[in-house]
Amino acid sequence: MKKVHTTLVVVALAGAVAAAWWLQNRPGGGLPGMAATAAAPAARGASGAGGPPGAGGPGQGGPVPVEAGKVTVARLEDDAQAVGTLRSNQSVVVRPEVSGRVIKLGFADGQRVRRGQLLVQLDDTLQQAQLQQAEAQASIARTNLQRSRELVAQNFVSQSAVDQNAAALEVAMAQVALAKAQAARLQIYAPFDGVTGIKLVNVGDYLKDGADIVNLEDVSSVWVDFRLPERFLSRTRPGQPVEITLDALPGRKLQAVVGALDSQLDANGRSVLVRAKLANGDGVLRSGMFARARVVFSVREAALVVPEEALVPQGDKQFLVQLVPGEKGLVSKRLEARIGQRAAGKVEVLSGLAEGDTVVLAGQARLMRADGTPVRVVDLNRPGGRAGRPGGGASAPAGAGSAPGGAGGPPAARAASAA
């Protein structure tokens, strides 16, 4: 029985496949209703055939609608911009060389100090006592040497006694110098003119050698440290002007001068460290401020520029479409663009154009096929001008809209649609 059922299923499937094949390949072709479906687009095409010529946009042979702009003259600067940090002309963290207790501070927070001014005095009682002892021993050695010289003149002592006393005096003088040096290390003086920061110690604190006391900054002038990519290395040199702007001082532009370039490039970022000097006469600049640096390499006073939208990239080249007069209006003309500098949405064109020439800003796709294509410039600033924007199609003429009752188009078109 199982075999019989299986045979019946196979025969039914084969019959269904044969019936489907016959329906698809019978004379007249296709399934029922396919002719009506195919006829619908033709009816719709006949319904829209009543419009005026060119109303369907550029695809029906009319002029290509484009947006256009003029070639203008502008001042262009070839520059490089970077961010950097302000550094003091000189900066040092005051630290003691030896341990000791603070007995005097010779400065206040944020005070301007002079070079050689006493900043910190550590307890030097022991060192002063050692200095007095060394000076007393030196005095005794000096007296012994003088007496031995008098006695050797009278032949009471030998010359060797004089030499021994002279050596003893030299040792005593060395002890005095050592005691003075030890005492001097307990006094810390300002190494240069500058402004102190916030002190980190107070009188009575015991300091270990190397402990931070206060930061001293020379801000009579400041340095601006910033990095430039290595491609600017050959164009950057000492003495070059740099324009500096600071977020802390909005609206102000400061002028600096390149002082030096680092001898080694950063291997990670492939950049070179540039240090520019900036005057700080009013003293408002501080070390650590965030700065924006702009280095100007060259200036072109009368450069021919076009909007960046006018460029059409093809491979490794850039093209422009110029509008020139034709027999019945403006036509297109392709140009390979030689590009110079770029700035703020503009690009410099080095050849092929003159001031006042018209170039296409939008709608270049069809114009790149061949020169001499008729064009129609669309002014988007006028009311209704956006309807002719390339890719958006032209607006329908008056009377082509839907009439009352839902029938659109001219009477002939409605008749063809009804048929």
# chains A, B, ... in the order shown; residues from 1 in each chain; ligands from 1

$ select_by_dssp --residues "stretch 9-222 of chain A" --states "strand (DSSP E or B)" --output "MDAnalysis selection string"
chainID A and resid 64:70 72:94 100:105 112:113 118:122 187:189 194:196 206:207 214:222

$ residues_around --residues "stretch 232-243 of chain A" --least-positions-apart "3" --cutoff "9 Å" --atoms "only C-alpha atoms" --output "ChimeraX atom specification"
/A:80,228-229,253-261,271-272,274,276,292-297

$ closest_residue --among "A:Lys199, A:Asp225, A:Val10, A:Val162" --to "A:Thr143" --atoms "only C-alpha atoms"
A:Val162

$ closest_residue --among "A:Ser139, A:Asn89, A:Asp193, A:Pro96" --to "A:Gln111" --atoms "only C-alpha atoms"
A:Asp193

$ closest_atom_pairs --of "stretch 49-166 of chain A" --to "stretch 373-380 of chain A" --cutoff "10 Å" --atoms "only C-alpha atoms" --output "CSV"
residue,atom,partner,partner_atom,distance
A:Pro58,CA,A:Val375,CA,9.3
A:Gly61,CA,A:Pro374,CA,9.6
A:Gly62,CA,A:Pro374,CA,7.9
A:Pro63,CA,A:Val375,CA,4.5
A:Val64,CA,A:Val375,CA,4.5
A:Pro65,CA,A:Arg376,CA,4.6
A:Val66,CA,A:Val377,CA,5.1
A:Glu67,CA,A:Val378,CA,5.4
A:Ala68,CA,A:Val377,CA,6.5
A:Gly69,CA,A:Val377,CA,9.7

$ closest_residue --among "A:Glu77, A:Asp109, A:Glu301, A:Glu348" --to "A:Asn202" --atoms "only C-alpha atoms"
A:Asp109

$ residues_around --residues "A:Leu350" --least-positions-apart "2" --cutoff "9 Å" --atoms "only C-alpha atoms" --output "PyMOL selection string"
chain A and resi 303-305+337-340+348+352-353

$ residues_around --residues "A:Gln128" --least-positions-apart "3" --cutoff "9 Å" --atoms "only C-alpha atoms" --output "MDAnalysis selection string"
chainID A and resid 124:125 131:133 179:180 182:183

$ atom_distance --atom1 "atom CA of A:Pro307" --atom2 "atom CA of A:Gly326"
24.1 Å

$ residues_around --residues "A:Tyr206" --least-positions-apart "2" --cutoff "7 Å" --atoms "only C-alpha atoms" --output "VMD selection string"
chain A and resid 100 to 102 204 208

$ closest_residue --among "A:Leu311, A:Leu246, A:Lys317, A:Arg185" --to "A:Gln364" --atoms "only C-alpha atoms"
A:Leu311

$ residues_around --residues "A:Pro325" --least-positions-apart "3" --cutoff "12 Å" --atoms "only C-alpha atoms" --output "mmCIF file with N, CA and C atoms, in the first residue's frame"
data_model
loop_
_atom_site.group_PDB
_atom_site.id
_atom_site.type_symbol
_atom_site.label_atom_id
_atom_site.label_comp_id
_atom_site.auth_asym_id
_atom_site.auth_seq_id
_atom_site.Cartn_x
_atom_site.Cartn_y
_atom_site.Cartn_z
ATOM 1 N N GLN A 322 32.975 75.030 -17.151
ATOM 2 C CA GLN A 322 32.784 76.463 -17.372
ATOM 3 C C GLN A 322 31.599 76.682 -18.302
ATOM 4 N N LYS A 328 22.550 79.392 -29.033
ATOM 5 C CA LYS A 328 21.227 79.682 -28.496
ATOM 6 C C LYS A 328 21.242 79.926 -26.995
ATOM 7 N N GLY A 329 22.413 80.130 -26.436
ATOM 8 C CA GLY A 329 22.501 80.354 -24.997
ATOM 9 C C GLY A 329 23.809 79.805 -24.443
ATOM 10 N N LEU A 330 23.840 79.577 -23.154
ATOM 11 C CA LEU A 330 25.044 79.083 -22.506
ATOM 12 C C LEU A 330 25.203 77.590 -22.748
ATOM 13 N N VAL A 331 26.473 77.204 -22.962
ATOM 14 C CA VAL A 331 26.813 75.793 -23.131
ATOM 15 C C VAL A 331 27.984 75.472 -22.205
ATOM 16 N N SER A 332 28.213 74.192 -22.028
ATOM 17 C CA SER A 332 29.239 73.748 -21.088
ATOM 18 C C SER A 332 30.587 73.560 -21.782
ATOM 19 N N LYS A 333 31.645 73.703 -20.958
ATOM 20 C CA LYS A 333 33.014 73.477 -21.432
ATOM 21 C C LYS A 333 33.816 72.918 -20.260
ATOM 22 N N ASP A 357 34.539 84.772 -14.824
ATOM 23 C CA ASP A 357 34.038 83.599 -15.543
ATOM 24 C C ASP A 357 33.020 82.856 -14.687
ATOM 25 N N THR A 358 32.138 82.132 -15.367
ATOM 26 C CA THR A 358 31.072 81.397 -14.685
ATOM 27 C C THR A 358 31.389 79.911 -14.708
ATOM 28 N N GLY A 372 29.741 71.496 -24.944
ATOM 29 C CA GLY A 372 28.720 72.092 -25.780
ATOM 30 C C GLY A 372 27.304 71.741 -25.409
ATOM 31 N N THR A 373 27.084 71.168 -24.220
ATOM 32 C CA THR A 373 25.728 70.831 -23.800
ATOM 33 C C THR A 373 24.987 72.093 -23.378
ATOM 34 N N PRO A 374 23.782 72.349 -23.912
ATOM 35 C CA PRO A 374 23.019 73.540 -23.487
ATOM 36 C C PRO A 374 22.653 73.444 -22.009
ATOM 37 N N VAL A 375 22.716 74.562 -21.336
ATOM 38 C CA VAL A 375 22.424 74.589 -19.913
ATOM 39 C C VAL A 375 21.458 75.730 -19.606
ATOM 40 N N ARG A 376 20.781 75.607 -18.492
ATOM 41 C CA ARG A 376 19.908 76.653 -17.982
ATOM 42 C C ARG A 376 20.288 76.901 -16.524
#

$ closest_residue --among "A:Leu320, A:Ala161, A:Val83, A:Val312" --to "A:Arg275" --atoms "only C-alpha atoms"
A:Val83

$ atom_distance --atom1 "atom CA of A:Ala211" --atom2 "atom CA of A:Leu86"
25.7 Å

$ atom_distance --atom1 "atom CA of A:Val113" --atom2 "atom CA of A:Phe290"
26.1 Å

$ closest_residue --among "A:Val224, A:Leu265, A:Glu135, A:Val349" --to "A:Leu178" --atoms "only C-alpha atoms"
A:Glu135

$ select_by_dssp --residues "stretch 145-298 of chain A" --states "alpha helix (DSSP H)" --output "VMD selection string"
chain A and resid 145 to 153 159 to 184
